[in-house]
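File shown: structure07.txt. Contents: compact mmCIF, C-alpha atoms.
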```
# COMPACT_ATOMS: atom_id res chain seq x y z
CA MET A 4 -16.18 -21.12 26.47
CA ARG A 5 -17.47 -17.56 26.61
CA ARG A 6 -14.11 -16.22 25.40
CA TYR A 7 -14.05 -18.60 22.42
CA VAL A 8 -17.60 -17.65 21.53
CA LEU A 9 -16.65 -13.96 21.61
CA ARG A 10 -13.69 -14.61 19.35
CA VAL A 11 -15.82 -16.46 16.81
CA VAL A 12 -18.46 -13.75 16.95
CA SER A 13 -15.90 -10.97 16.38
CA LEU A 14 -14.42 -12.81 13.40
CA ALA A 15 -17.87 -13.48 11.94
CA ALA A 16 -18.82 -9.81 12.42
CA ALA A 17 -15.68 -8.66 10.60
CA LEU A 18 -16.39 -11.02 7.69
CA GLY A 19 -20.03 -9.93 7.59
CA LEU A 20 -19.01 -6.27 7.49
CA TRP A 21 -16.54 -7.02 4.70
CA GLN A 22 -19.21 -8.86 2.71
CA ALA A 23 -21.75 -6.07 3.18
CA LEU A 24 -19.39 -3.23 2.19
CA THR A 25 -18.08 -5.01 -0.91
CA SER A 26 -21.36 -6.44 -2.14
CA LEU A 27 -23.11 -3.07 -1.78
CA HIS A 28 -20.18 -1.28 -3.52
CA VAL A 29 -19.83 1.27 -0.74
CA ASP A 30 -17.58 4.18 -1.78
CA LEU A 31 -17.41 6.83 0.91
CA TRP A 32 -13.74 7.64 1.25
CA LEU A 33 -12.41 4.09 1.01
CA ARG A 34 -13.30 2.36 -2.24
CA PHE A 35 -14.78 -0.93 -1.17
CA SER A 36 -16.20 -1.44 -4.65
CA GLN A 37 -12.69 -2.39 -5.79
CA PHE A 38 -12.45 -5.17 -3.20
CA PRO A 39 -13.53 -8.76 -3.89
CA THR A 40 -16.31 -10.08 -1.71
CA VAL A 41 -15.88 -12.77 0.91
CA THR A 42 -17.66 -15.31 -1.28
CA GLU A 43 -15.33 -14.58 -4.22
CA VAL A 44 -12.27 -15.05 -2.00
CA ALA A 45 -13.73 -18.28 -0.58
CA ARG A 46 -14.32 -19.67 -4.10
CA ALA A 47 -10.78 -18.71 -5.13
CA PHE A 48 -9.41 -20.31 -1.96
CA ALA A 49 -11.28 -23.56 -2.64
CA ALA A 50 -10.03 -23.62 -6.24
CA ARG A 51 -6.47 -22.95 -5.11
CA LEU A 52 -6.58 -25.73 -2.52
CA SER A 53 -7.52 -28.28 -5.15
CA GLY A 54 -4.43 -27.49 -7.26
CA PRO A 55 -0.82 -28.57 -6.71
CA ASP A 56 0.70 -25.07 -6.94
CA TYR A 57 -0.74 -23.92 -3.63
CA TRP A 58 0.87 -26.72 -1.64
CA THR A 59 4.18 -26.28 -3.47
CA ASP A 60 4.20 -22.59 -2.61
CA LEU A 61 3.26 -23.37 0.98
CA THR A 62 6.07 -25.90 1.36
CA ASP A 63 8.67 -23.57 -0.16
CA SER A 64 7.72 -20.65 2.07
CA LEU A 65 7.70 -22.80 5.22
CA THR A 66 11.09 -24.29 4.33
CA ARG A 67 12.60 -20.84 3.82
CA ILE A 68 11.11 -19.36 6.98
CA LEU A 69 12.06 -22.28 9.22
CA THR A 70 15.61 -22.49 7.88
CA GLY A 71 16.27 -18.78 8.23
CA PHE A 72 14.55 -18.52 11.60
CA LEU A 73 16.43 -21.45 13.15
CA LEU A 74 19.74 -20.02 11.96
CA ALA A 75 18.79 -16.62 13.37
CA ALA A 76 17.77 -18.18 16.70
CA VAL A 77 21.09 -19.97 17.15
CA LEU A 78 23.25 -17.08 15.96
CA GLY A 79 21.21 -14.42 17.77
CA VAL A 80 21.26 -16.17 21.15
CA ALA A 81 24.97 -17.02 20.89
CA THR A 82 25.94 -13.49 19.82
CA GLY A 83 23.70 -11.86 22.43
CA VAL A 84 25.20 -13.90 25.26
CA LEU A 85 28.73 -13.26 23.96
CA VAL A 86 28.24 -9.50 23.69
CA ALA A 87 26.55 -9.29 27.09
CA ARG A 88 29.20 -11.35 28.89
CA SER A 89 32.43 -10.20 27.21
CA ARG A 90 33.68 -6.63 27.02
CA LEU A 91 36.09 -7.58 24.24
CA ALA A 92 33.26 -9.02 22.13
CA GLU A 93 31.16 -5.94 22.80
CA ASP A 94 33.98 -3.65 21.66
CA LEU A 95 34.67 -5.70 18.54
CA LEU A 96 31.13 -6.61 17.43
CA GLY A 97 29.00 -3.91 19.06
CA PRO A 98 29.74 -1.03 16.64
CA LEU A 99 29.31 -3.24 13.57
CA LEU A 100 26.02 -4.69 14.80
CA GLU A 101 24.62 -1.31 15.74
CA VAL A 102 25.46 0.08 12.27
CA VAL A 103 23.86 -2.85 10.42
CA ARG A 104 20.83 -3.22 12.71
CA PRO A 105 18.84 -0.16 11.51
CA ILE A 106 19.07 -1.32 7.87
CA PRO A 107 15.79 -3.02 6.84
CA ALA A 108 16.32 -6.63 5.88
CA ILE A 109 14.37 -6.16 2.66
CA ALA A 110 16.90 -3.51 1.62
CA LEU A 111 19.51 -6.30 1.55
CA VAL A 112 17.87 -7.96 -1.46
CA PRO A 113 20.42 -6.47 -3.93
CA VAL A 114 23.23 -7.60 -1.62
CA ALA A 115 21.77 -11.12 -1.49
CA ILE A 116 21.44 -11.24 -5.29
CA LEU A 117 25.07 -10.23 -5.73
CA LEU A 118 26.44 -12.33 -2.88
CA PHE A 119 24.73 -15.70 -3.18
CA PRO A 120 24.75 -17.94 -6.25
CA SER A 121 21.03 -18.83 -6.03
CA ASN A 122 17.86 -16.97 -5.14
CA GLU A 123 16.96 -19.64 -2.58
CA GLN A 124 20.05 -18.95 -0.50
CA GLY A 125 19.49 -15.20 -0.80
CA ILE A 126 15.93 -15.49 0.53
CA VAL A 127 17.10 -17.59 3.49
CA PHE A 128 19.80 -14.99 4.17
CA ILE A 129 17.23 -12.17 4.23
CA THR A 130 14.92 -14.16 6.50
CA CYS A 131 17.78 -14.96 8.87
CA THR A 132 18.91 -11.33 8.98
CA ALA A 133 15.37 -10.14 9.75
CA ALA A 134 15.02 -12.42 12.78
CA PHE A 135 18.64 -12.17 13.95
CA PHE A 136 18.56 -8.66 15.40
CA PRO A 137 15.38 -8.95 17.52
CA VAL A 138 16.75 -12.16 19.04
CA LEU A 139 20.16 -10.57 19.58
CA VAL A 140 18.84 -7.45 21.30
CA SER A 141 16.39 -9.35 23.52
CA THR A 142 19.04 -11.86 24.55
CA ARG A 143 21.58 -9.15 25.33
CA HIS A 144 19.16 -7.20 27.53
CA ALA A 145 17.94 -10.36 29.27
CA VAL A 146 21.48 -11.49 30.13
CA ARG A 147 22.48 -8.06 31.42
CA ALA A 148 19.36 -7.89 33.60
CA LEU A 149 20.22 -11.07 35.53
CA THR A 150 20.77 -10.79 39.28
CA PRO A 151 24.51 -10.96 40.10
CA THR A 152 23.71 -12.85 43.30
CA TRP A 153 22.90 -16.01 41.33
CA GLU A 154 26.28 -16.04 39.63
CA GLU A 155 28.07 -15.35 42.90
CA ALA A 156 26.23 -18.25 44.54
CA VAL A 157 27.37 -20.67 41.82
CA ARG A 158 30.95 -19.44 42.12
CA THR A 159 30.83 -19.85 45.90
CA MET A 160 29.81 -23.48 45.42
CA GLY A 161 32.78 -24.07 43.09
CA GLY A 162 31.08 -23.67 39.71
CA GLY A 163 33.10 -22.51 36.73
CA ARG A 164 32.28 -20.40 33.69
CA TRP A 165 30.42 -23.12 31.79
CA ARG A 166 28.47 -24.06 34.91
CA ILE A 167 27.35 -20.46 35.31
CA LEU A 168 26.39 -20.31 31.64
CA GLY A 169 24.33 -23.49 31.78
CA SER A 170 22.65 -23.07 35.15
CA VAL A 171 22.28 -19.29 35.51
CA VAL A 172 22.69 -17.31 32.29
CA LEU A 173 20.72 -19.37 29.79
CA PRO A 174 17.80 -20.38 32.09
CA GLY A 175 17.53 -16.87 33.51
CA ALA A 176 17.52 -15.26 30.07
CA LEU A 177 14.96 -17.64 28.54
CA PRO A 178 11.91 -15.35 29.00
CA GLY A 179 13.70 -12.50 27.23
CA VAL A 180 15.03 -14.84 24.54
CA PHE A 181 11.55 -16.09 23.68
CA GLY A 182 10.28 -12.53 23.60
CA GLY A 183 12.83 -11.83 20.88
CA LEU A 184 11.94 -15.07 19.08
CA SER A 185 8.25 -14.10 19.01
CA VAL A 186 9.11 -10.76 17.44
CA GLY A 187 11.63 -12.34 15.10
CA ILE A 188 9.22 -14.88 13.61
CA GLY A 189 6.79 -12.13 12.67
CA VAL A 190 9.49 -9.97 11.08
CA SER A 191 10.78 -13.05 9.24
CA TRP A 192 7.40 -13.60 7.58
CA ILE A 193 7.27 -9.99 6.44
CA CYS A 194 10.72 -10.17 4.88
CA VAL A 195 10.42 -13.62 3.33
CA ILE A 196 7.19 -12.65 1.57
CA SER A 197 8.78 -9.44 0.31
CA ALA A 198 11.88 -11.31 -0.87
CA GLU A 199 9.72 -13.86 -2.68
CA MET A 200 7.87 -11.06 -4.43
CA ILE A 201 11.15 -9.55 -5.65
CA SER A 202 13.39 -12.49 -6.47
CA GLY A 203 11.51 -15.71 -5.76
CA GLN A 204 10.27 -18.32 -8.18
CA TYR A 205 7.90 -20.18 -5.88
CA GLY A 206 6.30 -19.37 -2.56
CA VAL A 207 3.25 -17.64 -1.16
CA GLY A 208 4.73 -14.18 -1.71
CA TYR A 209 5.68 -14.96 -5.31
CA ARG A 210 2.19 -16.31 -6.09
CA THR A 211 0.51 -13.31 -4.44
CA TRP A 212 2.55 -10.91 -6.56
CA GLN A 213 1.78 -12.88 -9.73
CA ASP A 214 -1.94 -12.70 -8.95
CA TYR A 215 -1.61 -8.94 -8.55
CA THR A 216 0.17 -8.53 -11.90
CA VAL A 217 -2.65 -10.39 -13.71
CA VAL A 218 -5.32 -8.43 -11.77
CA ASP A 219 -6.59 -11.51 -9.91
CA TYR A 220 -7.63 -9.75 -6.71
CA PRO A 221 -9.38 -12.77 -5.12
CA GLY A 222 -6.09 -14.65 -5.57
CA VAL A 223 -4.25 -11.77 -3.87
CA PHE A 224 -6.53 -12.07 -0.85
CA VAL A 225 -6.02 -15.84 -0.81
CA GLY A 226 -2.30 -15.19 -0.46
CA MET A 227 -2.88 -12.59 2.27
CA VAL A 228 -5.09 -14.94 4.28
CA THR A 229 -2.54 -17.73 3.89
CA ILE A 230 0.27 -15.47 5.12
CA GLY A 231 -1.78 -14.37 8.12
CA VAL A 232 -2.70 -17.93 9.12
CA LEU A 233 0.89 -19.16 8.71
CA GLY A 234 2.23 -16.26 10.77
CA TRP A 235 -0.32 -16.88 13.51
CA VAL A 236 0.44 -20.63 13.64
CA THR A 237 4.23 -20.19 13.80
CA SER A 238 4.13 -17.40 16.39
CA THR A 239 1.73 -19.46 18.53
CA ALA A 240 4.10 -22.43 18.29
CA VAL A 241 7.00 -20.27 19.47
CA GLU A 242 4.93 -18.93 22.36
CA LEU A 243 3.81 -22.40 23.44
CA LEU A 244 7.39 -23.67 23.29
CA GLY A 245 8.48 -20.72 25.42
CA ARG A 246 5.82 -21.49 28.03
CA ARG A 247 6.85 -25.12 28.02
CA LEU A 248 10.52 -24.36 28.61
CA THR A 249 9.83 -21.69 31.23
CA ARG A 250 7.12 -23.53 33.18
CA TRP A 251 9.25 -23.16 36.31
CA LEU A 252 8.56 -19.42 36.33
CA PRO A 253 5.86 -18.16 38.74
CA ARG A 254 2.70 -17.16 36.88
CA THR A 255 -0.40 -15.32 37.98
CA ALA A 256 -3.49 -17.46 38.46
CA TYR A 257 -5.84 -15.47 36.25
CA VAL A 258 -9.41 -16.69 35.87
CA PRO A 259 -11.31 -14.77 33.14
CA GLY A 260 -14.49 -13.19 34.42
CA ALA A 261 -13.81 -13.99 38.07
CA ARG A 262 -13.90 -11.23 40.63
CA PRO A 263 -11.01 -10.95 43.03
CA PRO A 264 -11.92 -12.04 46.57
CA ARG A 265 -12.76 -9.34 49.02
CA PRO A 266 -10.20 -8.84 51.73
CA ALA A 267 -11.29 -10.02 55.16
CA ARG A 268 -12.33 -7.33 57.54
CA SER A 269 -9.81 -6.90 60.28
CA VAL A 270 -11.19 -6.41 63.77
CA LYS A 271 -9.36 -3.65 65.50
CA PRO A 272 -8.41 -4.57 69.05
CA THR A 273 -9.84 -2.41 71.75
CA PRO A 274 -7.06 -0.33 73.24
CA ALA A 275 -6.40 -1.21 76.83
CA ALA A 276 -6.79 1.44 79.45
CA PRO A 277 -3.47 2.83 80.62
CA ALA A 278 -2.36 1.53 83.97
CA ALA A 279 -2.47 3.92 86.81
CA VAL A 280 0.94 5.16 87.78
CA PRO A 281 1.33 6.14 91.42
CA ASP A 282 2.76 9.48 92.34
CA GLY A 283 6.01 10.01 94.11
CA PRO A 284 9.54 8.64 93.62
CA ALA A 285 8.24 5.20 92.68
CA SER A 286 6.20 6.71 89.84
CA GLU A 287 9.32 8.23 88.30
CA GLU A 288 11.05 4.81 88.29
CA VAL A 289 8.01 3.24 86.62
CA ARG A 290 8.00 5.97 83.96
CA ASP A 291 11.72 5.44 83.28
CA GLU A 292 11.21 1.69 82.90
CA HIS A 293 8.28 2.32 80.57
CA LEU A 294 10.44 4.54 78.36
CA VAL A 295 13.18 1.91 78.22
```
Will you turn the file into C-alpha cells for me?
Amino acid sequence: MRRYVLRVVSLAAALGLWQALTSLHVDLWLRFSQFPTVTEVARAFAARLSGPDYWTDLTDSLTRILTGFLLAAVLGVATGVLVARSRLAEDLLGPLLEVVRPIPAIALVPVAILLFPSNEQGIVFITCTAAFFPVLVSTRHAVRALTPTWEEAVRTMGGGRWRILGSVVLPGALPGVFGGLSVGIGVSWICVISAEMISGQYGVGYRTWQDYTVVDYPGVFVGMVTIGVLGWVTSTAVELLGRRLTRWLPRTAYVPGARPPRPARSVKPTPAAPAAVPDGPASEEVRDEHLV
C-alpha cells in the first residue's frame, strides 16, 4: 500500500508542478507560458471523450498496432530461431537483416507509400518492421545462450529435432523473447504514431497532428496522454503474459521495505589440545601415521 501511495503522490506532485508553472506563466529558460494548463487539458479531454472521433481514432490505432505487432512477433521469433539454429540461414539472411536493421522504420514511409496500395497496409507494414528487429535480435541471442547440455540430454533420450525445438529451444528462450517483445511494443507505438501523422487518415497520431496544425495545444496534449496510457497498458499486458508463461522460472522473493535477515552467529569450536606423542621409535611411527 505504501508503494501505491508513493506512486499516486509522485504523479500528483508532477501534475501540481505543471499546473503551477503554466498558470503562473513561468519563463526562465523553458517557456512554460506557451503550455496549456492541466485544467485546460482536462477540459479538452472530457470534451474529446464525449465525441465519436476519439473512440474511432482509438480503435484504428489499436487495430494497427496489434496487427503489426502480432505479425512481428511471429516472424521475429521464427526468424530468430532459424538464424540461431541454422548456419545456412545465417549466411543467407544474416547480411540482409544486418543491413536493413539500422534503418529507422519511420524512414520506410516512402517505401510503404510506393509499395502498398493503401495507407492502412503501409502503416501496418511500418509497425511490423519496427517491432520485428527487437524481437529477432532478442530471440537469436536467447537461443544461442542456451546450455548445450539440455539438447544433449533430449538427444540421449531419443528426441529428434522437433522435440528439441519444442521442449528445449522455445521454453528456454522465452525470457529473452519476451524481453524483445517488451521493447518491440514500445517501438511500435512510436512508429505507428509517426506513420499516422504522415500518411494516416484516422488514428491518435493523425488527430494529434491535426490539432497541432490548427494550434489546438490542449488537443495535442490529449493525444500525448492517450498515447502514453495506451503504450503503458500494452507493455504491461506483454509483461504480464511473459510472467504467466515463464512462471516455472525461479524468482527472487523480494518483499519491499523488508530487511534481510541477519545471518546466525556461528560458534567456533574450541580447538582440541594436541595429543602427546611419546618419544622414541614409536613416536616416529605415530607421526608417519598422522601425516598419512
Per-residue nearest contacts of region 40-125 of chain A to region 234-239 of chain A (12 Å; all atoms listed in the file) as a Markdown table:
```
| residue | atom | partner | partner_atom | distance |
| --- | --- | --- | --- | --- |
| A:Ser64 | CA | A:Gly234 | CA | 11.2 |
| A:Leu65 | CA | A:Thr237 | CA | 9.6 |
| A:Ile68 | CA | A:Thr237 | CA | 9.7 |
| A:Leu69 | CA | A:Thr237 | CA | 9.3 |
| A:Phe72 | CA | A:Thr237 | CA | 10.7 |
```
Selection above as a file: C-alpha atoms, as a CSV table (one decimal), keeping the file's coordinate frame:
```
chain,number,residue,atom,x,y,z
A,64,SER,CA,7.7,-20.6,2.1
A,65,LEU,CA,7.7,-22.8,5.2
A,68,ILE,CA,11.1,-19.4,7.0
A,69,LEU,CA,12.1,-22.3,9.2
A,72,PHE,CA,14.6,-18.5,11.6
```
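Of the listed residues A:Gly208, A:Gly169, A:Gly175, A:Gly83, the one whose atoms come nearest to Ile126 (chain A) is A:Gly208, with distances taken using only C-alpha atoms.
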Review point. Taking all atoms listed in the file into account, which of A:Arg210, A:Val80, A:Phe128, A:Gly222 comes nearest Ile116 (chain A)?
Key: A:Phe128
Practice item. Could you tell me which of A:Ala134, A:Leu177, A:Val29, A:Ala49 comes closest to Val84 (chain A) if we count only C-alpha atoms? Key: A:Leu177
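Rounded to one decimal, CA of Phe35 (chain A) and CA of Ser197 (chain A) lie 25.1 Å from each other.
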